[in-house]
Amino acid sequence: MSEEYGPDFVSITDDEGNEFELEHLGTLEYNGQEYMAFVPADMDEDDEDFGLILLKVIEQDGEQLLADIDDEQELNAVYEKFMEELFEDGEDE
């Protein structure tokens, strides 16, 4: 993902009404489904506890929404794919 224009931020609200601001790291398609990776926007760059948040893009009533990935195998596979892409991008630099 190009950072030519700076990072992208989104605000999401969980099921309990809590609002969070997340920084979008990237989007990928895996097995015909679209996924997005985020980190908390307030995360310190030197923070070693890497809080990667993976969400699935779903369509509901003609609107794109972000949803949790409930299946652990699916979550692990998407995580591995994102890690491959992140490290691949770092090797090109």
# chains A, B, ... in the order shown; residues from 1 in each chain; ligands from 1
$ residues_around --residues "range 11-26 of chain A" --least-positions-apart "4" --cutoff "9 Å" --atoms "only C-alpha atoms" --output "MDAnalysis selection string"
chainID A and resid 1 7 35:42 53 66 82 86
$ select_by_dssp --residues "range 35-81 of chain A" --states "helix (DSSP H, G or I)" --output "short mmCIF file (atom, residue, chain, number, x, y, z; two decimals) with N, CA and C atoms, in the first residue's frame"
data_model
loop_
_atom_site.label_atom_id
_atom_site.label_comp_id
_atom_site.auth_asym_id
_atom_site.auth_seq_id
_atom_site.Cartn_x
_atom_site.Cartn_y
_atom_site.Cartn_z
N GLU A 72 -11.39 -19.53 13.16
CA GLU A 72 -9.98 -19.44 13.53
C GLU A 72 -9.04 -19.83 12.39
N GLN A 73 -9.40 -20.85 11.61
CA GLN A 73 -8.57 -21.27 10.48
C GLN A 73 -8.51 -20.16 9.42
N GLU A 74 -9.66 -19.55 9.16
CA GLU A 74 -9.71 -18.45 8.20
C GLU A 74 -8.86 -17.29 8.70
N LEU A 75 -8.99 -16.96 9.98
CA LEU A 75 -8.22 -15.86 10.58
C LEU A 75 -6.72 -16.13 10.47
N ASN A 76 -6.29 -17.33 10.79
CA ASN A 76 -4.87 -17.67 10.70
C ASN A 76 -4.35 -17.61 9.27
N ALA A 77 -5.14 -18.09 8.33
CA ALA A 77 -4.73 -18.06 6.92
C ALA A 77 -4.60 -16.62 6.42
N VAL A 78 -5.56 -15.76 6.77
CA VAL A 78 -5.52 -14.36 6.35
C VAL A 78 -4.34 -13.65 7.01
N TYR A 79 -4.09 -13.95 8.29
CA TYR A 79 -2.95 -13.36 9.00
C TYR A 79 -1.65 -13.71 8.30
N GLU A 80 -1.48 -14.99 7.96
CA GLU A 80 -0.25 -15.44 7.28
C GLU A 80 -0.09 -14.73 5.93
N LYS A 81 -1.18 -14.59 5.20
CA LYS A 81 -1.13 -13.92 3.90
C LYS A 81 -0.74 -12.45 4.06
#
$ atom_distance --atom1 "CA of Gly51 in chain A" --atom2 "CA of Leu28 in chain A"
18.2 Å
$ atom_distance --atom1 "CA of Glu85 in chain A" --atom2 "CA of Thr27 in chain A"
10.1 Å
